[in-house]
$ cat target37.csv   # CSV, N, CA and C atoms
chain,number,residue,atom,x,y,z
R,1,MET,N,-46.2,-37.2,35.0
R,1,MET,CA,-45.4,-37.1,36.2
R,1,MET,C,-44.0,-37.4,35.9
R,2,PRO,N,-43.0,-36.6,36.2
R,2,PRO,CA,-41.6,-36.9,35.9
R,2,PRO,C,-41.1,-38.1,36.7
R,3,VAL,N,-40.2,-38.8,36.0
R,3,VAL,CA,-39.6,-40.0,36.6
R,3,VAL,C,-38.5,-39.5,37.6
R,4,PRO,N,-38.5,-40.0,38.8
R,4,PRO,CA,-37.5,-39.6,39.8
R,4,PRO,C,-36.1,-39.9,39.2
R,5,PRO,N,-35.1,-39.0,39.4
R,5,PRO,CA,-33.8,-39.2,38.8
R,5,PRO,C,-33.2,-40.5,39.1
R,6,ALA,N,-33.3,-41.1,40.3
R,6,ALA,CA,-32.7,-42.4,40.6
R,6,ALA,C,-33.3,-43.5,39.7
R,7,ARG,N,-34.6,-43.5,39.5
R,7,ARG,CA,-35.2,-44.5,38.6
R,7,ARG,C,-34.9,-44.2,37.1
R,8,ARG,N,-34.9,-43.0,36.7
R,8,ARG,CA,-34.6,-42.6,35.3
R,8,ARG,C,-33.2,-43.0,35.0
R,9,ARG,N,-32.3,-42.8,35.9
R,9,ARG,CA,-30.9,-42.9,35.7
R,9,ARG,C,-30.5,-44.4,35.2
R,10,PHE,N,-31.2,-45.3,35.7
R,10,PHE,CA,-30.8,-46.7,35.4
R,10,PHE,C,-32.0,-47.5,34.9
R,11,ALA,N,-32.8,-46.8,34.1
R,11,ALA,CA,-34.0,-47.5,33.5
R,11,ALA,C,-33.5,-48.5,32.5
R,12,ARG,N,-34.3,-49.7,32.5
R,12,ARG,CA,-34.0,-50.7,31.5
R,12,ARG,C,-35.0,-50.7,30.3
R,13,SER,N,-36.2,-50.2,30.6
R,13,SER,CA,-37.2,-50.1,29.5
R,13,SER,C,-37.6,-48.6,29.3
R,14,ALA,N,-38.4,-48.4,28.3
R,14,ALA,CA,-38.7,-47.0,27.9
R,14,ALA,C,-39.5,-46.4,29.1
R,15,VAL,N,-39.2,-45.1,29.3
R,15,VAL,CA,-39.9,-44.4,30.3
R,15,VAL,C,-40.4,-43.1,29.6
R,16,ALA,N,-41.7,-42.9,29.7
R,16,ALA,CA,-42.3,-41.7,29.1
R,16,ALA,C,-41.9,-40.5,30.0
R,17,VAL,N,-41.5,-39.5,29.3
R,17,VAL,CA,-41.1,-38.3,30.0
R,17,VAL,C,-41.6,-37.1,29.2
R,18,GLY,N,-42.8,-36.6,29.6
R,18,GLY,CA,-43.4,-35.5,28.8
R,18,GLY,C,-43.7,-36.0,27.4
R,19,ALA,N,-43.3,-35.3,26.4
R,19,ALA,CA,-43.6,-35.6,25.0
R,19,ALA,C,-42.4,-36.5,24.5
R,20,PHE,N,-41.4,-36.8,25.3
R,20,PHE,CA,-40.3,-37.6,24.8
R,20,PHE,C,-40.2,-38.9,25.5
R,21,ARG,N,-39.5,-39.8,24.9
R,21,ARG,CA,-39.3,-41.1,25.6
R,21,ARG,C,-37.8,-41.4,25.6
R,22,VAL,N,-37.4,-42.0,26.7
R,22,VAL,CA,-36.0,-42.6,26.8
R,22,VAL,C,-36.1,-44.0,26.3
R,23,VAL,N,-35.5,-44.2,25.2
R,23,VAL,CA,-35.6,-45.5,24.6
R,23,VAL,C,-34.4,-46.4,24.9
R,24,CYS,N,-34.5,-47.7,24.7
R,24,CYS,CA,-33.4,-48.6,25.1
R,24,CYS,C,-32.8,-49.4,24.0
R,25,MET,N,-33.3,-49.2,22.7
R,25,MET,CA,-32.7,-49.9,21.6
R,25,MET,C,-32.7,-49.0,20.4
R,26,LEU,N,-31.6,-49.0,19.6
R,26,LEU,CA,-31.5,-48.2,18.4
R,26,LEU,C,-31.1,-49.2,17.3
R,27,VAL,N,-31.8,-49.2,16.2
R,27,VAL,CA,-31.4,-50.0,15.0
R,27,VAL,C,-31.0,-49.1,13.9
R,28,VAL,N,-29.8,-49.3,13.3
R,28,VAL,CA,-29.3,-48.5,12.3
R,28,VAL,C,-29.0,-49.4,11.1
R,29,THR,N,-29.6,-49.2,10.0
R,29,THR,CA,-29.3,-50.0,8.8
R,29,THR,C,-28.8,-49.0,7.7
R,30,ARG,N,-27.7,-49.3,7.1
R,30,ARG,CA,-27.1,-48.4,6.1
R,30,ARG,C,-27.2,-49.0,4.7
R,31,TYR,N,-27.3,-48.2,3.7
R,31,TYR,CA,-27.5,-48.6,2.3
R,31,TYR,C,-26.6,-47.8,1.4
R,32,GLU,N,-26.1,-48.5,0.4
R,32,GLU,CA,-25.4,-47.8,-0.7
R,32,GLU,C,-26.2,-48.0,-1.9
R,33,VAL,N,-26.7,-46.9,-2.5
R,33,VAL,CA,-27.7,-47.0,-3.6
R,33,VAL,C,-27.1,-46.3,-4.8
R,34,PRO,N,-27.1,-47.0,-6.0
R,34,PRO,CA,-26.7,-46.4,-7.2
R,34,PRO,C,-27.7,-45.3,-7.6
R,35,ASP,N,-27.2,-44.3,-8.3
R,35,ASP,CA,-28.1,-43.2,-8.7
R,35,ASP,C,-29.3,-43.6,-9.5
R,36,ASP,N,-29.2,-44.6,-10.4
R,36,ASP,CA,-30.3,-45.0,-11.2
R,36,ASP,C,-31.4,-45.8,-10.4
R,37,GLU,N,-31.1,-46.1,-9.1
R,37,GLU,CA,-32.1,-46.9,-8.3
R,37,GLU,C,-32.7,-46.0,-7.2
R,38,ILE,N,-32.4,-44.7,-7.1
R,38,ILE,CA,-32.8,-43.9,-6.0
R,38,ILE,C,-34.3,-43.8,-5.9
R,39,ASP,N,-35.0,-43.5,-7.0
R,39,ASP,CA,-36.4,-43.4,-7.0
R,39,ASP,C,-37.1,-44.6,-6.4
R,40,ARG,N,-36.8,-45.8,-6.9
R,40,ARG,CA,-37.4,-47.0,-6.3
R,40,ARG,C,-37.0,-47.2,-4.9
R,41,PHE,N,-35.8,-46.9,-4.5
R,41,PHE,CA,-35.3,-47.1,-3.2
R,41,PHE,C,-36.1,-46.2,-2.2
R,42,ARG,N,-36.3,-44.9,-2.6
R,42,ARG,CA,-37.1,-44.0,-1.8
R,42,ARG,C,-38.6,-44.5,-1.6
R,43,GLU,N,-39.1,-45.1,-2.6
R,43,GLU,CA,-40.5,-45.7,-2.5
R,43,GLU,C,-40.5,-46.9,-1.5
R,44,LEU,N,-39.4,-47.7,-1.6
R,44,LEU,CA,-39.3,-48.8,-0.6
R,44,LEU,C,-39.1,-48.3,0.8
R,45,ALA,N,-38.4,-47.2,1.0
R,45,ALA,CA,-38.1,-46.6,2.3
R,45,ALA,C,-39.4,-46.1,2.9
R,46,ALA,N,-40.2,-45.4,2.1
R,46,ALA,CA,-41.4,-44.8,2.6
R,46,ALA,C,-42.3,-46.0,3.1
R,47,GLU,N,-42.4,-47.1,2.4
R,47,GLU,CA,-43.2,-48.2,2.9
R,47,GLU,C,-42.6,-48.8,4.2
R,48,ALA,N,-41.3,-48.9,4.3
R,48,ALA,CA,-40.6,-49.4,5.5
R,48,ALA,C,-40.9,-48.5,6.7
R,49,VAL,N,-40.7,-47.2,6.5
R,49,VAL,CA,-41.0,-46.3,7.6
R,49,VAL,C,-42.4,-46.4,8.1
R,50,ALA,N,-43.3,-46.5,7.2
R,50,ALA,CA,-44.8,-46.6,7.6
R,50,ALA,C,-45.0,-47.9,8.3
R,51,ALA,N,-44.5,-49.0,7.8
R,51,ALA,CA,-44.7,-50.3,8.4
R,51,ALA,C,-44.1,-50.4,9.8
R,52,LEU,N,-42.8,-50.0,10.0
R,52,LEU,CA,-42.2,-50.0,11.3
R,52,LEU,C,-42.9,-49.1,12.3
R,53,SER,N,-43.3,-47.9,11.8
R,53,SER,CA,-43.8,-47.0,12.8
R,53,SER,C,-45.2,-47.4,13.3
R,54,GLU,N,-45.8,-48.3,12.7
R,54,GLU,CA,-47.1,-48.9,13.1
R,54,GLU,C,-47.0,-50.0,14.2
R,55,ARG,N,-45.8,-50.4,14.4
R,55,ARG,CA,-45.6,-51.6,15.3
R,55,ARG,C,-45.5,-51.1,16.8
R,56,VAL,N,-46.0,-52.0,17.7
R,56,VAL,CA,-45.9,-51.8,19.1
R,56,VAL,C,-44.4,-51.6,19.5
R,57,GLY,N,-44.2,-50.6,20.3
R,57,GLY,CA,-42.8,-50.4,20.9
R,57,GLY,C,-41.9,-49.5,20.0
R,58,CYS,N,-42.4,-49.2,18.8
R,58,CYS,CA,-41.6,-48.3,18.0
R,58,CYS,C,-41.7,-46.9,18.5
R,59,GLN,N,-40.6,-46.3,18.8
R,59,GLN,CA,-40.5,-44.9,19.3
R,59,GLN,C,-40.3,-43.8,18.3
R,60,GLN,N,-39.5,-44.2,17.3
R,60,GLN,CA,-39.2,-43.3,16.2
R,60,GLN,C,-38.6,-44.0,15.0
R,61,VAL,N,-38.8,-43.5,13.8
R,61,VAL,CA,-38.2,-44.0,12.6
R,61,VAL,C,-37.7,-42.8,11.8
R,62,ARG,N,-36.4,-42.9,11.4
R,62,ARG,CA,-35.8,-41.8,10.5
R,62,ARG,C,-35.2,-42.5,9.3
R,63,PHE,N,-35.3,-41.8,8.2
R,63,PHE,CA,-34.7,-42.2,6.9
R,63,PHE,C,-34.0,-41.0,6.4
R,64,GLY,N,-32.7,-41.2,5.9
R,64,GLY,CA,-32.0,-40.0,5.4
R,64,GLY,C,-30.8,-40.4,4.5
R,65,ARG,N,-30.3,-39.4,4.0
R,65,ARG,CA,-29.2,-39.5,3.0
R,65,ARG,C,-27.9,-38.8,3.5
R,66,ASN,N,-26.8,-39.4,3.3
R,66,ASN,CA,-25.5,-38.9,3.8
R,66,ASN,C,-25.2,-37.6,3.0
R,67,LEU,N,-24.8,-36.5,3.7
R,67,LEU,CA,-24.5,-35.2,3.0
R,67,LEU,C,-23.2,-35.2,2.3
R,68,ASP,N,-22.3,-36.0,2.7
R,68,ASP,CA,-20.9,-36.1,2.1
R,68,ASP,C,-20.8,-37.1,1.0
R,69,GLU,N,-21.5,-38.2,1.2
R,69,GLU,CA,-21.5,-39.3,0.2
R,69,GLU,C,-23.0,-39.6,-0.2
R,70,PRO,N,-23.5,-39.0,-1.2
R,70,PRO,CA,-24.9,-39.1,-1.5
R,70,PRO,C,-25.4,-40.5,-1.9
R,71,ARG,N,-24.5,-41.4,-2.1
R,71,ARG,CA,-24.9,-42.8,-2.4
R,71,ARG,C,-25.2,-43.6,-1.1
R,72,LEU,N,-24.9,-43.0,0.0
R,72,LEU,CA,-25.1,-43.7,1.3
R,72,LEU,C,-26.4,-43.1,1.9
R,73,TRP,N,-27.2,-44.1,2.4
R,73,TRP,CA,-28.5,-43.8,3.0
R,73,TRP,C,-28.6,-44.5,4.4
R,74,VAL,N,-29.5,-44.1,5.2
R,74,VAL,CA,-29.7,-44.7,6.5
R,74,VAL,C,-31.2,-44.8,6.9
R,75,LEU,N,-31.5,-45.9,7.5
R,75,LEU,CA,-32.8,-46.1,8.2
R,75,LEU,C,-32.5,-46.4,9.6
R,76,ALA,N,-33.0,-45.5,10.5
R,76,ALA,CA,-32.7,-45.7,11.9
R,76,ALA,C,-34.1,-45.7,12.7
R,77,SER,N,-34.2,-46.6,13.6
R,77,SER,CA,-35.4,-46.7,14.4
R,77,SER,C,-35.1,-46.9,15.9
R,78,SER,N,-35.9,-46.4,16.7
R,78,SER,CA,-35.7,-46.5,18.2
R,78,SER,C,-36.9,-47.4,18.7
R,79,TRP,N,-36.5,-48.3,19.6
R,79,TRP,CA,-37.5,-49.2,20.1
R,79,TRP,C,-37.5,-49.3,21.6
R,80,ARG,N,-38.6,-49.5,22.2
R,80,ARG,CA,-38.7,-49.6,23.7
R,80,ARG,C,-37.9,-50.7,24.2
R,81,GLN,N,-37.8,-51.9,23.5
R,81,GLN,CA,-37.0,-53.0,23.9
R,81,GLN,C,-36.7,-53.9,22.7
R,82,VAL,N,-35.7,-54.8,22.9
R,82,VAL,CA,-35.4,-55.6,21.7
R,82,VAL,C,-36.5,-56.5,21.3
R,83,GLY,N,-37.3,-57.0,22.3
R,83,GLY,CA,-38.4,-57.9,21.9
R,83,GLY,C,-39.4,-57.2,21.0
R,84,ASP,N,-39.7,-55.9,21.2
R,84,ASP,CA,-40.6,-55.2,20.4
R,84,ASP,C,-40.1,-55.2,18.9
R,85,TYR,N,-38.8,-54.9,18.8
R,85,TYR,CA,-38.2,-54.9,17.4
R,85,TYR,C,-38.3,-56.3,16.8
R,86,ARG,N,-37.9,-57.3,17.5
R,86,ARG,CA,-38.0,-58.7,16.9
R,86,ARG,C,-39.4,-59.1,16.5
R,87,ARG,N,-40.4,-58.7,17.4
R,87,ARG,CA,-41.8,-59.0,17.0
R,87,ARG,C,-42.2,-58.2,15.8
R,88,ALA,N,-41.7,-57.0,15.7
R,88,ALA,CA,-42.1,-56.2,14.5
R,88,ALA,C,-41.5,-56.8,13.3
R,89,LEU,N,-40.3,-57.3,13.3
R,89,LEU,CA,-39.8,-57.9,12.1
R,89,LEU,C,-40.5,-59.2,11.6
R,90,SER,N,-41.2,-59.8,12.6
R,90,SER,CA,-41.9,-61.1,12.2
R,90,SER,C,-43.4,-60.8,11.9
R,91,HIS,N,-43.8,-59.5,12.0
R,91,HIS,CA,-45.2,-59.2,11.7
R,91,HIS,C,-45.4,-59.2,10.2
R,92,PRO,N,-46.5,-59.8,9.7
R,92,PRO,CA,-46.7,-59.9,8.2
R,92,PRO,C,-46.6,-58.6,7.5
R,93,GLU,N,-47.1,-57.5,8.0
R,93,GLU,CA,-47.1,-56.2,7.3
R,93,GLU,C,-45.6,-55.7,7.2
R,94,VAL,N,-44.8,-56.0,8.2
R,94,VAL,CA,-43.4,-55.6,8.1
R,94,VAL,C,-42.7,-56.4,7.0
R,95,LYS,N,-43.0,-57.7,7.0
R,95,LYS,CA,-42.3,-58.6,6.1
R,95,LYS,C,-42.7,-58.2,4.6
R,96,VAL,N,-43.9,-57.7,4.4
R,96,VAL,CA,-44.3,-57.3,3.1
R,96,VAL,C,-43.8,-55.9,2.7
R,97,ARG,N,-43.8,-55.0,3.7
R,97,ARG,CA,-43.6,-53.6,3.4
R,97,ARG,C,-42.2,-53.1,3.8
R,98,ALA,N,-41.5,-53.7,4.7
R,98,ALA,CA,-40.2,-53.2,5.1
R,98,ALA,C,-39.0,-54.1,4.7
R,99,VAL,N,-39.2,-55.4,4.7
R,99,VAL,CA,-38.2,-56.3,4.4
R,99,VAL,C,-37.6,-56.1,3.0
R,100,PRO,N,-38.4,-55.8,2.0
R,100,PRO,CA,-37.8,-55.5,0.7
R,100,PRO,C,-36.7,-54.5,0.7
R,101,LEU,N,-36.9,-53.4,1.6
R,101,LEU,CA,-35.8,-52.4,1.7
R,101,LEU,C,-34.6,-53.0,2.5
R,102,MET,N,-35.0,-53.7,3.6
R,102,MET,CA,-33.9,-54.2,4.5
R,102,MET,C,-33.0,-55.2,3.9
R,103,TYR,N,-33.5,-55.9,2.9
R,103,TYR,CA,-32.6,-56.9,2.2
R,103,TYR,C,-31.5,-56.2,1.4
R,104,ARG,N,-31.7,-54.9,1.2
R,104,ARG,CA,-30.7,-54.1,0.4
R,104,ARG,C,-29.6,-53.5,1.3
R,105,CYS,N,-29.7,-53.7,2.6
R,105,CYS,CA,-28.8,-53.0,3.5
R,105,CYS,C,-27.4,-53.5,3.4
R,106,ILE,N,-26.4,-52.7,3.8
R,106,ILE,CA,-25.0,-53.1,3.9
R,106,ILE,C,-25.0,-54.2,5.1
R,107,ASP,N,-24.3,-55.3,4.8
R,107,ASP,CA,-24.2,-56.4,5.8
R,107,ASP,C,-23.3,-56.0,6.9
R,108,GLU,N,-23.9,-55.5,8.0
R,108,GLU,CA,-23.1,-55.2,9.2
R,108,GLU,C,-24.1,-55.2,10.4
R,109,PRO,N,-23.6,-55.4,11.6
R,109,PRO,CA,-24.5,-55.3,12.8
R,109,PRO,C,-25.3,-54.1,12.8
R,110,SER,N,-26.5,-54.2,13.2
R,110,SER,CA,-27.4,-53.0,13.2
R,110,SER,C,-28.1,-52.6,14.5
R,111,ALA,N,-28.1,-53.5,15.4
R,111,ALA,CA,-28.9,-53.3,16.7
R,111,ALA,C,-27.9,-52.8,17.8
R,112,TYR,N,-28.3,-51.7,18.5
R,112,TYR,CA,-27.5,-51.2,19.5
R,112,TYR,C,-28.4,-50.9,20.7
R,113,GLU,N,-27.8,-51.1,21.9
R,113,GLU,CA,-28.5,-50.8,23.1
R,113,GLU,C,-28.2,-49.4,23.5
R,114,ASP,N,-29.1,-48.6,24.1
R,114,ASP,CA,-28.9,-47.3,24.6
R,114,ASP,C,-28.1,-47.4,25.9
R,115,LEU,N,-27.0,-46.6,26.0
R,115,LEU,CA,-26.3,-46.5,27.3
R,115,LEU,C,-26.4,-45.1,27.9
R,116,LEU,N,-26.4,-44.1,27.0
R,116,LEU,CA,-26.7,-42.7,27.4
R,116,LEU,C,-27.7,-42.1,26.4
R,117,THR,N,-28.6,-41.4,27.0
R,117,THR,CA,-29.6,-40.7,26.1
R,117,THR,C,-29.8,-39.3,26.7
R,118,TRP,N,-30.3,-38.5,25.8
R,118,TRP,CA,-30.6,-37.1,26.2
R,118,TRP,C,-31.9,-36.7,25.6
R,119,ASP,N,-32.7,-35.9,26.3
R,119,ASP,CA,-33.8,-35.3,25.8
R,119,ASP,C,-33.9,-33.9,26.4
R,120,PRO,N,-34.6,-32.9,25.8
R,120,PRO,CA,-34.6,-31.6,26.3
R,120,PRO,C,-35.4,-31.4,27.6
R,121,VAL,N,-36.2,-32.3,28.0
R,121,VAL,CA,-37.0,-32.2,29.2
R,121,VAL,C,-36.2,-32.8,30.4
R,122,GLU,N,-35.6,-34.0,30.3
R,122,GLU,CA,-34.9,-34.6,31.4
R,122,GLU,C,-33.4,-34.6,31.3
R,123,GLY,N,-32.9,-34.2,30.2
R,123,GLY,CA,-31.4,-34.2,30.1
R,123,GLY,C,-30.9,-35.5,29.8
R,124,VAL,N,-29.7,-35.8,30.5
R,124,VAL,CA,-29.0,-37.1,30.2
R,124,VAL,C,-29.5,-38.2,31.1
R,125,ALA,N,-29.7,-39.3,30.6
R,125,ALA,CA,-30.1,-40.5,31.3
R,125,ALA,C,-29.1,-41.6,31.0
R,126,GLU,N,-28.6,-42.3,32.0
R,126,GLU,CA,-27.7,-43.5,31.8
R,126,GLU,C,-28.5,-44.7,32.0
R,127,HIS,N,-28.2,-45.7,31.1
R,127,HIS,CA,-28.9,-47.0,31.1
R,127,HIS,C,-28.0,-48.1,31.4
R,128,VAL,N,-28.4,-49.1,32.2
R,128,VAL,CA,-27.6,-50.3,32.5
R,128,VAL,C,-27.6,-51.2,31.3
R,129,SER,N,-26.4,-51.7,30.9
R,129,SER,CA,-26.2,-52.5,29.8
R,129,SER,C,-26.8,-53.9,30.1
R,130,ASP,N,-27.5,-54.5,29.1
R,130,ASP,CA,-27.9,-55.8,29.2
R,130,ASP,C,-26.8,-56.8,28.9
R,131,LEU,N,-25.7,-56.3,28.4
R,131,LEU,CA,-24.5,-57.2,28.1
R,131,LEU,C,-23.6,-57.2,29.3
R,132,ALA,N,-23.7,-56.3,30.3
R,132,ALA,CA,-22.8,-56.3,31.4
R,132,ALA,C,-23.1,-57.4,32.4

$ encode --input "target37.csv" --output "structure tokens"
Amino acid sequence: MPVPPARRRFARSAVAVGAFRVVCMLVVTRYEVPDDEIDRFRELAAEAVAALSERVGCQQVRFGRNLDEPRLWVLASSWRQVGDYRRALSHPEVKVRAVPLMYRCIDEPSAYEDLLTWDPVEGVAEHVSDLA
């Protein structure tokens, strides 16, 4: 059942909409990887993607390489709420399988709240900031 526009427009938590979800937290970690470490780095990334994707509240995990600067990589994940992400990080499987990759990330803030989202079913949704 579709979410009424008034409720969807200011959702604070994830709302299922067809096959898509409006998520409320995005985590982006970036990496700079020397050429001679790429194979091992990709192995670590595969383990991290698997470990994160198995946790409650994880909506999506993506891993990729920058097209213009091939030494730059990204791991991005979407979460239903910040608590789900924090609980995932403290889970033993994530500590063993994802943290070895995450220790290699560029030291910068990585957690973002969703303010505007789009999906092909519902279009644009605006979210109230938890910081406001």

$ select_by_dssp --input "target37.csv" --residues "chain R" --states "alpha helix (DSSP H)" --output "ChimeraX atom specification"
/R:5-9,38-53,82-90,92-97,99-102

$ atom_distance --input "target37.csv" --atom1 "atom C of Val99 in chain R" --atom2 "atom N of Gly83 in chain R"
19.3 Å

$ residues_near_point --input "target37.csv" --point "(-32.9, -54.0, 16.7)" --cutoff "6.5 Å" --atoms "only N, CA and C atoms" --output "MDAnalysis selection string"
chainID R and resid 25:27 82 85:86 110:112

$ residues_around --input "target37.csv" --residues "range 92-97 of chain R" --least-positions-apart "4" --cutoff "8 Å" --atoms "all atoms listed in the file" --output "ChimeraX atom specification"
/R:44-52,87-88,101-102

$ atom_distance --input "target37.csv" --atom1 "CA of Tyr31 in chain R" --atom2 "atom N of Leu116 in chain R"
25.1 Å

$ closest_residue --input "target37.csv" --among "R:Val33, R:Leu115, R:Val28, R:Val124" --to "Pro70 in chain R" --atoms "only N, CA and C atoms"
R:Val33

$ closest_residue --input "target37.csv" --among "R:Val128, R:Ala76, R:Ile106, R:Val61" --to "Glu32 in chain R" --atoms "all atoms listed in the file"
R:Ile106

$ atom_distance --input "target37.csv" --atom1 "atom C of Pro109 in chain R" --atom2 "atom C of Thr29 in chain R"
8.0 Å
